[in-house]
>>> print(open('start.cif').read())   # mmCIF, C-alpha atoms
data_model
#
loop_
_atom_site.label_atom_id
_atom_site.label_comp_id
_atom_site.auth_asym_id
_atom_site.auth_seq_id
_atom_site.Cartn_x
_atom_site.Cartn_y
_atom_site.Cartn_z
CA MET A 17 0.00 0.00 0.00
CA SER A 18 2.83 2.43 0.84
CA SER A 19 4.16 2.17 -2.71
CA HIS A 20 1.03 3.86 -4.14
CA THR A 21 0.54 7.61 -4.64
CA PRO A 22 -1.65 9.50 -2.12
CA ALA A 23 -4.50 9.66 -4.66
CA ILE A 24 -4.47 5.89 -5.05
CA GLN A 25 -4.22 5.42 -1.29
CA GLU A 26 -7.27 7.65 -0.89
CA ASN A 27 -9.22 5.50 -3.32
CA MET A 28 -8.09 2.30 -1.64
CA MET A 29 -8.84 3.58 1.89
CA VAL A 30 -12.36 4.63 1.06
CA HIS A 31 -13.39 2.11 -1.52
CA ASP A 32 -11.44 -1.10 -0.93
CA SER A 33 -14.32 -3.33 -1.91
CA THR A 34 -14.57 -1.87 -5.42
CA PHE A 35 -10.95 -0.93 -6.07
CA GLU A 36 -10.20 -1.00 -9.78
CA PRO A 37 -6.59 -2.09 -10.46
CA GLY A 38 -6.55 -0.73 -14.04
CA ILE A 39 -7.22 2.99 -14.00
CA GLN A 40 -6.83 2.97 -10.19
CA VAL A 41 -10.05 4.76 -9.32
CA TYR A 42 -13.16 3.20 -7.85
CA ASN A 43 -15.65 1.77 -10.31
CA MET A 44 -18.35 4.40 -9.93
CA LYS A 45 -15.91 7.23 -10.54
CA LEU A 46 -14.54 5.47 -13.61
CA GLY A 47 -18.09 5.00 -14.82
CA MET A 48 -18.87 8.70 -14.37
CA TRP A 49 -15.70 9.74 -16.20
CA VAL A 50 -16.47 7.40 -19.11
CA PHE A 51 -20.00 8.83 -19.26
CA LEU A 52 -18.61 12.39 -19.26
CA LEU A 53 -16.25 11.48 -22.08
CA SER A 54 -19.23 10.27 -24.10
CA GLU A 55 -20.87 13.60 -23.34
CA VAL A 56 -17.76 15.32 -24.71
CA MET A 57 -18.44 13.57 -28.02
CA PHE A 58 -22.12 14.47 -27.81
CA PHE A 59 -21.42 18.18 -27.37
CA THR A 60 -18.65 17.98 -29.95
CA SER A 61 -21.22 16.90 -32.51
CA LEU A 62 -23.43 19.88 -31.64
CA ILE A 63 -20.75 22.55 -31.28
CA GLY A 64 -18.78 21.11 -34.17
CA THR A 65 -21.84 21.31 -36.40
CA TYR A 66 -22.30 24.94 -35.39
CA ILE A 67 -18.66 25.75 -36.19
CA ILE A 68 -18.82 24.01 -39.55
CA LEU A 69 -22.15 25.58 -40.55
CA ARG A 70 -20.92 28.99 -39.47
CA PHE A 71 -17.81 28.55 -41.56
CA ALA A 72 -19.81 27.34 -44.55
CA HIS A 73 -22.71 29.84 -44.36
CA PRO A 74 -21.50 32.99 -42.58
CA ASP A 75 -24.46 34.97 -43.94
CA HIS A 76 -26.76 32.96 -41.68
CA PHE A 77 -25.07 34.24 -38.51
CA ALA A 78 -24.76 37.62 -36.83
CA VAL A 79 -21.89 39.39 -35.05
CA PRO A 80 -21.65 39.13 -31.24
CA GLY A 81 -24.18 41.26 -29.39
CA GLU A 82 -26.32 42.02 -32.43
CA VAL A 83 -28.93 39.36 -31.70
CA LEU A 84 -27.84 37.66 -28.48
CA ASN A 85 -27.73 39.39 -25.09
CA VAL A 86 -24.04 39.10 -24.19
CA PRO A 87 -24.15 41.02 -20.86
CA LEU A 88 -27.03 38.90 -19.52
CA THR A 89 -25.34 35.68 -20.58
CA ALA A 90 -22.00 36.83 -19.17
CA PHE A 91 -23.80 37.31 -15.85
CA ASN A 92 -25.32 33.84 -16.26
CA THR A 93 -21.85 32.43 -16.91
CA PHE A 94 -20.68 34.04 -13.68
CA PHE A 95 -23.62 32.33 -11.96
CA LEU A 96 -22.62 28.91 -13.24
CA ILE A 97 -19.00 29.45 -12.23
CA CYS A 98 -20.26 30.36 -8.75
CA SER A 99 -22.24 27.13 -8.63
CA SER A 100 -19.11 25.17 -9.55
CA MET A 101 -17.34 26.82 -6.63
CA THR A 102 -20.16 26.01 -4.21
CA MET A 103 -20.21 22.41 -5.45
CA VAL A 104 -16.49 21.94 -4.82
CA LYS A 105 -16.93 23.57 -1.39
CA ALA A 106 -19.63 21.00 -0.63
CA PHE A 107 -17.24 18.20 -1.56
CA ALA A 108 -14.46 19.75 0.52
CA ALA A 109 -16.85 20.02 3.47
CA ILE A 110 -17.79 16.32 3.50
CA GLN A 111 -14.12 15.39 3.00
CA LYS A 112 -13.60 16.97 6.42
CA GLY A 113 -16.79 15.37 7.80
CA ASP A 114 -18.63 18.72 7.92
CA GLN A 115 -22.27 17.64 7.44
CA LYS A 116 -23.71 21.13 7.87
CA GLY A 117 -21.28 22.59 5.36
CA LEU A 118 -22.13 19.84 2.87
CA LYS A 119 -25.86 20.60 3.06
CA LEU A 120 -25.46 24.36 2.89
CA TRP A 121 -23.11 24.32 -0.08
CA LEU A 122 -25.26 21.73 -1.89
CA LEU A 123 -28.31 23.93 -1.35
CA ALA A 124 -26.42 26.94 -2.67
CA THR A 125 -25.43 24.96 -5.77
CA ILE A 126 -29.03 23.92 -6.39
CA VAL A 127 -30.34 27.46 -6.01
CA ILE A 128 -27.71 28.95 -8.30
CA GLY A 129 -28.20 26.18 -10.87
CA ALA A 130 -31.94 26.76 -10.86
CA CYS A 131 -31.33 30.50 -11.31
CA PHE A 132 -29.15 29.76 -14.32
CA VAL A 133 -31.96 27.80 -15.95
CA GLY A 134 -34.43 30.54 -15.06
CA ILE A 135 -32.30 33.25 -16.60
CA GLN A 136 -31.87 31.14 -19.72
CA ALA A 137 -35.65 30.77 -19.95
CA ILE A 138 -35.99 34.55 -19.69
CA GLU A 139 -33.37 34.90 -22.41
CA TYR A 140 -35.29 32.48 -24.64
CA ALA A 141 -38.51 34.43 -24.11
CA ALA A 142 -36.84 37.71 -25.07
CA LEU A 143 -35.14 36.19 -28.11
CA THR A 144 -38.32 34.60 -29.46
CA HIS A 145 -40.11 37.92 -28.94
CA GLU A 146 -37.44 39.56 -31.12
CA GLY A 147 -38.02 36.98 -33.86
CA PHE A 148 -35.03 34.80 -33.12
CA VAL A 149 -36.71 31.39 -33.26
CA PRO A 150 -35.53 27.88 -34.10
CA MET A 151 -38.13 27.29 -36.79
CA ALA A 152 -36.82 28.20 -40.24
CA ALA A 153 -40.18 29.33 -41.61
CA LYS A 154 -40.76 31.78 -38.74
CA TYR A 155 -37.23 33.12 -38.38
CA HIS A 156 -37.18 36.91 -38.54
CA ALA A 157 -34.54 38.04 -36.02
CA LEU A 158 -34.51 41.81 -35.83
CA GLY A 159 -31.85 42.03 -33.12
CA ARG A 160 -31.92 43.66 -29.72
CA THR A 161 -32.41 47.17 -31.09
CA GLY A 162 -34.28 46.29 -34.24
CA VAL A 163 -37.72 47.60 -35.20
CA GLU A 164 -40.62 45.73 -36.74
CA GLY A 165 -40.16 45.56 -40.47
CA GLY A 166 -36.43 46.14 -40.20
CA ALA A 167 -33.61 44.09 -41.69
CA VAL A 168 -33.48 40.45 -40.62
CA LEU A 169 -30.20 39.52 -38.98
CA GLY A 170 -28.72 36.16 -39.87
CA GLY A 171 -30.73 33.21 -41.11
CA PRO A 172 -32.61 30.12 -39.96
CA LEU A 173 -29.41 28.14 -39.34
CA TYR A 174 -28.53 30.59 -36.57
CA GLY A 175 -31.73 29.98 -34.65
CA ALA A 176 -31.70 26.24 -35.18
CA THR A 177 -28.10 25.74 -34.03
CA PHE A 178 -28.38 28.19 -31.13
CA TYR A 179 -31.46 26.62 -29.58
CA THR A 180 -30.17 23.07 -30.16
CA MET A 181 -26.87 23.70 -28.41
CA THR A 182 -28.08 25.85 -25.54
CA GLY A 183 -31.26 23.80 -25.18
CA PHE A 184 -29.37 20.57 -24.72
CA HIS A 185 -27.00 22.26 -22.30
CA GLY A 186 -29.95 23.69 -20.38
CA ALA A 187 -31.46 20.22 -20.21
CA HIS A 188 -28.21 18.92 -18.76
CA VAL A 189 -28.22 21.68 -16.15
CA SER A 190 -31.84 20.93 -15.26
CA ILE A 191 -31.10 17.23 -14.84
CA GLY A 192 -28.09 18.19 -12.75
CA VAL A 193 -30.28 20.30 -10.46
CA ILE A 194 -32.66 17.36 -10.00
CA CYS A 195 -29.78 15.00 -9.22
CA LEU A 196 -28.27 17.53 -6.82
CA THR A 197 -31.61 17.72 -5.02
CA PHE A 198 -31.56 13.94 -4.70
CA VAL A 199 -28.03 14.10 -3.27
CA LEU A 200 -29.07 16.86 -0.86
CA ILE A 201 -31.94 14.73 0.42
CA ARG A 202 -29.55 11.85 0.98
CA ALA A 203 -27.13 14.23 2.71
CA MET A 204 -29.93 15.37 5.03
CA ARG A 205 -30.54 11.70 5.90
CA GLY A 206 -26.87 11.33 6.81
CA HIS A 207 -25.85 9.02 3.96
CA TYR A 208 -22.51 10.74 3.36
CA THR A 209 -19.56 10.65 5.73
CA HIS A 210 -15.92 11.63 5.80
CA SER A 211 -14.94 8.10 4.77
CA ASP A 212 -17.63 7.54 2.13
CA HIS A 213 -18.94 10.42 0.07
CA ARG A 214 -18.82 8.94 -3.41
CA GLY A 215 -22.26 10.27 -4.34
CA VAL A 216 -21.15 13.82 -3.66
CA GLU A 217 -17.99 13.38 -5.68
CA LEU A 218 -19.85 11.86 -8.63
CA ILE A 219 -22.53 14.55 -8.88
CA GLY A 220 -19.73 17.08 -8.46
CA LEU A 221 -17.93 15.68 -11.49
CA TYR A 222 -21.14 15.94 -13.55
CA TRP A 223 -21.82 19.48 -12.38
CA HIS A 224 -18.31 20.73 -13.13
CA PHE A 225 -18.55 19.14 -16.58
CA VAL A 226 -21.77 21.05 -17.25
CA ASP A 227 -19.96 24.24 -16.25
CA LEU A 228 -17.01 23.34 -18.46
CA VAL A 229 -19.27 22.83 -21.48
CA TRP A 230 -20.91 26.20 -20.86
CA ILE A 231 -17.49 27.89 -20.73
CA ILE A 232 -16.85 26.58 -24.25
CA LEU A 233 -20.39 27.24 -25.47
CA PHE A 234 -20.51 30.82 -24.18
CA THR A 235 -17.23 31.65 -25.92
CA ILE A 236 -18.04 30.05 -29.25
CA VAL A 237 -21.71 31.02 -29.53
CA TYR A 238 -21.88 34.42 -27.84
CA LEU A 239 -18.42 35.93 -28.21
CA ILE A 240 -16.98 34.72 -31.53
CA MET B 5 -5.20 3.30 8.55
CA THR B 6 -5.18 5.95 11.33
CA THR B 7 -1.90 7.38 10.05
CA GLU B 8 -3.34 7.57 6.54
CA THR B 9 -6.46 9.30 7.88
CA GLN B 10 -4.35 11.82 9.76
CA THR B 11 -2.23 12.41 6.68
CA HIS B 12 -5.41 12.91 4.65
CA GLU B 13 -6.82 15.39 7.19
CA GLU B 14 -3.61 17.42 7.14
CA HIS B 15 -3.80 17.66 3.33
CA HIS B 16 -4.69 21.18 2.27
CA ASP B 17 -7.55 21.84 -0.11
CA PRO B 18 -6.69 23.08 -3.57
CA PRO B 19 -7.06 26.88 -3.91
CA TYR B 20 -10.76 26.79 -4.82
CA MET B 21 -11.44 30.49 -4.15
CA LEU B 22 -8.35 31.55 -6.09
CA ILE B 23 -9.43 29.43 -9.06
CA PHE B 24 -12.92 30.93 -8.80
CA LEU B 25 -11.48 34.45 -8.92
CA VAL B 26 -9.27 33.53 -11.87
CA LEU B 27 -12.29 32.13 -13.73
CA LEU B 28 -14.25 35.27 -12.97
CA VAL B 29 -11.50 37.60 -14.14
CA MET B 30 -10.94 35.55 -17.28
CA THR B 31 -14.66 35.65 -18.09
CA LEU B 32 -14.63 39.44 -17.84
CA ALA B 33 -11.45 39.55 -19.91
CA GLU B 34 -13.09 37.37 -22.56
CA VAL B 35 -16.11 39.65 -22.84
CA GLY B 36 -13.86 42.70 -23.13
CA TYR B 37 -11.57 41.01 -25.63
CA ALA B 38 -14.50 39.95 -27.82
CA PHE B 39 -15.34 43.55 -28.64
CA LEU B 40 -11.82 44.75 -29.44
CA PRO B 41 -11.26 46.05 -33.00
CA LEU B 42 -9.09 43.11 -34.07
CA PRO B 43 -9.17 40.86 -37.12
CA LYS B 44 -11.62 37.99 -36.75
CA PHE B 45 -8.84 35.38 -36.74
CA TRP B 46 -7.06 36.92 -33.72
CA LEU B 47 -10.34 37.44 -31.89
CA ALA B 48 -11.33 33.80 -32.36
CA LEU B 49 -7.87 32.50 -31.46
CA GLY B 50 -7.58 34.60 -28.32
CA LEU B 51 -11.07 33.69 -27.15
CA CYS B 52 -10.50 29.97 -27.78
CA VAL B 53 -7.22 30.07 -25.84
CA MET B 54 -8.94 31.75 -22.88
CA ALA B 55 -11.89 29.34 -23.00
CA ILE B 56 -9.63 26.28 -23.11
CA TRP B 57 -7.54 27.68 -20.26
CA LYS B 58 -10.67 28.13 -18.13
CA ALA B 59 -11.86 24.63 -19.03
CA VAL B 60 -8.48 23.15 -18.06
CA LEU B 61 -8.58 24.98 -14.71
CA VAL B 62 -12.04 23.56 -13.98
CA ALA B 63 -10.90 20.06 -14.95
CA LEU B 64 -7.65 20.16 -12.99
CA TYR B 65 -8.87 21.78 -9.76
CA TYR B 66 -12.63 21.46 -9.49
CA MET B 67 -12.82 17.97 -11.02
CA HIS B 68 -9.65 17.08 -9.09
CA LEU B 69 -7.95 15.68 -12.16
CA ARG B 70 -4.69 17.11 -10.83
CA SER B 71 -4.68 14.63 -7.97
CA GLU B 72 -6.01 11.67 -9.92
CA PRO B 73 -3.81 8.80 -11.24
CA ARG B 74 -2.03 9.54 -14.51
CA ARG B 75 -3.89 6.67 -16.18
CA LEU B 76 -7.12 8.61 -15.74
CA TRP B 77 -5.51 11.59 -17.45
CA ILE B 78 -4.86 9.39 -20.50
CA LEU B 79 -8.48 8.27 -20.52
CA VAL B 80 -9.73 11.85 -20.26
CA ALA B 81 -7.41 13.01 -23.03
CA ALA B 82 -8.61 10.26 -25.37
CA PRO B 83 -11.56 12.08 -27.01
CA MET B 84 -9.57 15.28 -27.67
CA PRO B 85 -7.92 14.10 -30.91
CA LEU B 86 -11.31 12.84 -32.06
CA VAL B 87 -12.82 16.28 -31.38
CA VAL B 88 -10.20 17.97 -33.51
CA ILE B 89 -10.40 15.38 -36.29
CA LEU B 90 -14.20 15.45 -36.43
CA ILE B 91 -14.37 19.20 -36.87
CA ALA B 92 -11.27 19.63 -39.04
CA ALA B 93 -12.15 16.80 -41.40
CA VAL B 94 -15.66 18.10 -42.16
CA ILE B 95 -14.76 21.78 -42.27
CA THR B 96 -12.30 21.09 -45.10
CA GLU B 97 -15.31 20.14 -47.25
CA PHE B 98 -16.17 23.83 -47.55
#
>>> encode(input="start.cif", output="structure tokens")
Amino acid sequence: MSSHTPAIQENMMVHDSTFEPGIQVYNMKLGMWVFLLSEVMFFTSLIGTYIILRFAHPDHFAVPGEVLNVPLTAFNTFFLICSSMTMVKAFAAIQKGDQKGLKLWLLATIVIGACFVGIQAIEYAALTHEGFVPMAAKYHALGRTGVEGGAVLGGPLYGATFYTMTGFHGAHVSIGVICLTFVLIRAMRGHYTHSDHRGVELIGLYWHFVDLVWIILFTIVYLI
Amino acid sequence: MTTETQTHEEHHDPPYMLIFLVLLVMTLAEVGYAFLPLPKFWLALGLCVMAIWKAVLVALYYMHLRSEPRRLWILVAAPMPLVVILIAAVITEF
């Protein structure tokens, strides 16, 4: 045992019964990482399609800030980064056996995550009101300062790709909030301890991945 | 086991608040950079570099990849060439 690195010792100490000799992490963590890697490919197909279509049909897309609300979404990005911080604080709390800290930070993560989804819903409502819709036949984006009857900004591909990418990401965030709520309930029932808090770590990995995807999405869709 | 527990308890947390502040500052820098009067190529390159840097920080510190076994790093890195190939191969069609 003394010949292993501290990370491996940690895994062995906590999860001896399911120790995986290959990748040297416990099975559930390996499973979550493999799932997240499949999600990388999933979002690659969406974001990659957007990049390729934007490259091939630049007339269908608008410059940053013309159609999309960059300040609001930048604030939303800040929100999601905050939730990542609260999630890691929750994990750090249970690592030290701090049950109260775990619950409080988990609750904070849930609230902030729900706010992110709420702000995105508000953004969707404003965008559809301005004519920026996913349906090709009804697309007539006038932009944030446009007037009725004015020039249409971009084309149907813009709406379709935007709502597909951000919609799927929003769905992932929503599912994450539901799972976090489940973890919080289990935390309130005392299921997690200093020596066994795998559930917290696993949902933490998922939540940080969702934040990571948004970091990429926000840059590519809103800023470039 | 007790010695290992004590060693674990003495282990300091990664600098979560510092990483949070760095992510925040970089997000603000990205938004500011996006509206600079630069050629599109340099705008896109700079923004991608900043976004990837932020993503790496989240992966290393918040997802604790930094303290995970190196074999897991190899597994995590596996899709990255596929990502590049998938986009580059199709984009060359246009």
>>> resolve_selection(input="start.cif", expression="the PyMOL selection byres ((chain A) within 6 of (chain B))", output="number ranges by chain")
A: 23, 39, 64, 68, 72, 221, 228, 232, 239-240
>>> atom_distance(input="start.cif", atom1="atom CA of A:Ile236", atom2="atom CA of A:Gly81")
12.8 Å
>>> residues_around(input="start.cif", residues="A:Leu52", least_positions_apart="2", cutoff="10 Å", atoms="all atoms listed in the file", output="short mmCIF file (atom, residue, chain, number, x, y, z; two decimals) with C-alpha atoms, in the frame of the given file")
data_model
loop_
_atom_site.label_atom_id
_atom_site.label_comp_id
_atom_site.auth_asym_id
_atom_site.auth_seq_id
_atom_site.Cartn_x
_atom_site.Cartn_y
_atom_site.Cartn_z
CA LEU A 46 -14.54 5.47 -13.61
CA GLY A 47 -18.09 5.00 -14.82
CA MET A 48 -18.87 8.70 -14.37
CA TRP A 49 -15.70 9.74 -16.20
CA VAL A 50 -16.47 7.40 -19.11
CA SER A 54 -19.23 10.27 -24.10
CA GLU A 55 -20.87 13.60 -23.34
CA VAL A 56 -17.76 15.32 -24.71
CA MET A 57 -18.44 13.57 -28.02
CA PHE A 58 -22.12 14.47 -27.81
CA LEU A 221 -17.93 15.68 -11.49
CA TYR A 222 -21.14 15.94 -13.55
CA PHE A 225 -18.55 19.14 -16.58
CA VAL A 226 -21.77 21.05 -17.25
CA VAL B 80 -9.73 11.85 -20.26
#
>>> atom_distance(input="start.cif", atom1="atom CA of A:Ala106", atom2="atom CA of A:Phe132")
18.8 Å
>>> residues_around(input="start.cif", residues="A:Thr161", least_positions_apart="3", cutoff="12 Å", atoms="only C-alpha atoms", output="PyMOL selection string")
chain A and resi 81-85+143+146-147+157-158+164+166-169
>>> residues_near_point(input="start.cif", point="(-23.3, 28.7, -26.2)", cutoff="10 Å", atoms="only C-alpha atoms", output="PyMOL selection string")
chain A and resi 63+66+89+177-183+185+229-239
>>> closest_residue(input="start.cif", among="A:Ala142, A:Ala203, A:Met101, A:Ala108", to="A:Trp223", atoms="only C-alpha atoms")
A:Met101
>>> resolve_selection(input="start.cif", expression="the PyMOL selection byres ((chain A and resi 133) around 10)", output="count of residues only")
19
>>> atom_distance(input="start.cif", atom1="atom CA of A:Met103", atom2="atom CA of A:Leu123")
9.2 Å
>>> build_atoms(input="start.cif", residues="stretch 89-123 of chain A", atoms="N, CA and C atoms", output="CSV table (one decimal), keeping the file's coordinate frame")
chain,number,residue,atom,x,y,z
A,89,THR,N,-25.9,37.0,-20.6
A,89,THR,CA,-25.3,35.7,-20.6
A,89,THR,C,-24.0,35.6,-19.9
A,90,ALA,N,-23.3,36.8,-19.9
A,90,ALA,CA,-22.0,36.8,-19.2
A,90,ALA,C,-22.3,36.7,-17.7
A,91,PHE,N,-23.4,37.4,-17.2
A,91,PHE,CA,-23.8,37.3,-15.8
A,91,PHE,C,-24.2,35.9,-15.5
A,92,ASN,N,-24.9,35.2,-16.5
A,92,ASN,CA,-25.3,33.8,-16.3
A,92,ASN,C,-24.1,32.9,-16.2
A,93,THR,N,-23.1,33.2,-17.0
A,93,THR,CA,-21.8,32.4,-16.9
A,93,THR,C,-21.2,32.6,-15.5
A,94,PHE,N,-21.2,33.8,-15.0
A,94,PHE,CA,-20.7,34.0,-13.7
A,94,PHE,C,-21.5,33.2,-12.7
A,95,PHE,N,-22.8,33.1,-12.9
A,95,PHE,CA,-23.6,32.3,-12.0
A,95,PHE,C,-23.2,30.9,-12.0
A,96,LEU,N,-23.0,30.3,-13.1
A,96,LEU,CA,-22.6,28.9,-13.2
A,96,LEU,C,-21.2,28.6,-12.7
A,97,ILE,N,-20.3,29.6,-12.8
A,97,ILE,CA,-19.0,29.4,-12.2
A,97,ILE,C,-19.1,29.5,-10.7
A,98,CYS,N,-20.0,30.3,-10.2
A,98,CYS,CA,-20.3,30.4,-8.8
A,98,CYS,C,-20.8,29.0,-8.3
A,99,SER,N,-21.7,28.4,-9.0
A,99,SER,CA,-22.2,27.1,-8.6
A,99,SER,C,-21.2,26.0,-8.6
A,100,SER,N,-20.2,26.1,-9.5
A,100,SER,CA,-19.1,25.2,-9.6
A,100,SER,C,-18.3,25.3,-8.3
A,101,MET,N,-18.1,26.6,-7.9
A,101,MET,CA,-17.3,26.8,-6.6
A,101,MET,C,-18.1,26.3,-5.4
A,102,THR,N,-19.4,26.5,-5.4
A,102,THR,CA,-20.2,26.0,-4.2
A,102,THR,C,-20.2,24.5,-4.2
A,103,MET,N,-20.2,23.9,-5.4
A,103,MET,CA,-20.2,22.4,-5.4
A,103,MET,C,-18.9,21.9,-4.9
A,104,VAL,N,-17.8,22.4,-5.3
A,104,VAL,CA,-16.5,21.9,-4.8
A,104,VAL,C,-16.3,22.2,-3.3
A,105,LYS,N,-17.0,23.3,-2.8
A,105,LYS,CA,-16.9,23.6,-1.4
A,105,LYS,C,-17.7,22.5,-0.6
A,106,ALA,N,-18.8,22.1,-1.3
A,106,ALA,CA,-19.6,21.0,-0.6
A,106,ALA,C,-18.8,19.7,-0.5
A,107,PHE,N,-18.1,19.4,-1.6
A,107,PHE,CA,-17.2,18.2,-1.6
A,107,PHE,C,-16.1,18.3,-0.5
A,108,ALA,N,-15.5,19.5,-0.5
A,108,ALA,CA,-14.5,19.8,0.5
A,108,ALA,C,-15.0,19.6,1.9
A,109,ALA,N,-16.2,20.1,2.1
A,109,ALA,CA,-16.8,20.0,3.5
A,109,ALA,C,-17.0,18.6,3.9
A,110,ILE,N,-17.6,17.7,3.1
A,110,ILE,CA,-17.8,16.3,3.5
A,110,ILE,C,-16.5,15.6,3.6
A,111,GLN,N,-15.4,16.0,2.9
A,111,GLN,CA,-14.1,15.4,3.0
A,111,GLN,C,-13.6,15.6,4.4
A,112,LYS,N,-14.0,16.7,5.0
A,112,LYS,CA,-13.6,17.0,6.4
A,112,LYS,C,-14.7,16.5,7.4
A,113,GLY,N,-15.7,15.9,6.9
A,113,GLY,CA,-16.8,15.4,7.8
A,113,GLY,C,-17.8,16.4,8.2
A,114,ASP,N,-17.8,17.6,7.6
A,114,ASP,CA,-18.6,18.7,7.9
A,114,ASP,C,-20.0,18.5,7.3
A,115,GLN,N,-20.9,17.9,8.0
A,115,GLN,CA,-22.3,17.6,7.4
A,115,GLN,C,-23.0,18.9,7.1
A,116,LYS,N,-23.0,19.9,8.1
A,116,LYS,CA,-23.7,21.1,7.9
A,116,LYS,C,-23.2,21.9,6.6
A,117,GLY,N,-21.9,21.9,6.5
A,117,GLY,CA,-21.3,22.6,5.4
A,117,GLY,C,-21.7,21.9,4.1
A,118,LEU,N,-21.7,20.6,4.1
A,118,LEU,CA,-22.1,19.8,2.9
A,118,LEU,C,-23.5,20.3,2.4
A,119,LYS,N,-24.5,20.3,3.4
A,119,LYS,CA,-25.9,20.6,3.1
A,119,LYS,C,-26.0,22.0,2.6
A,120,LEU,N,-25.3,23.0,3.3
A,120,LEU,CA,-25.5,24.4,2.9
A,120,LEU,C,-24.9,24.6,1.5
A,121,TRP,N,-23.7,24.1,1.2
A,121,TRP,CA,-23.1,24.3,-0.1
A,121,TRP,C,-23.9,23.6,-1.2
A,122,LEU,N,-24.4,22.4,-0.9
A,122,LEU,CA,-25.3,21.7,-1.9
A,122,LEU,C,-26.5,22.6,-2.2
A,123,LEU,N,-27.1,23.1,-1.2
A,123,LEU,CA,-28.3,23.9,-1.4
A,123,LEU,C,-28.0,25.2,-2.2
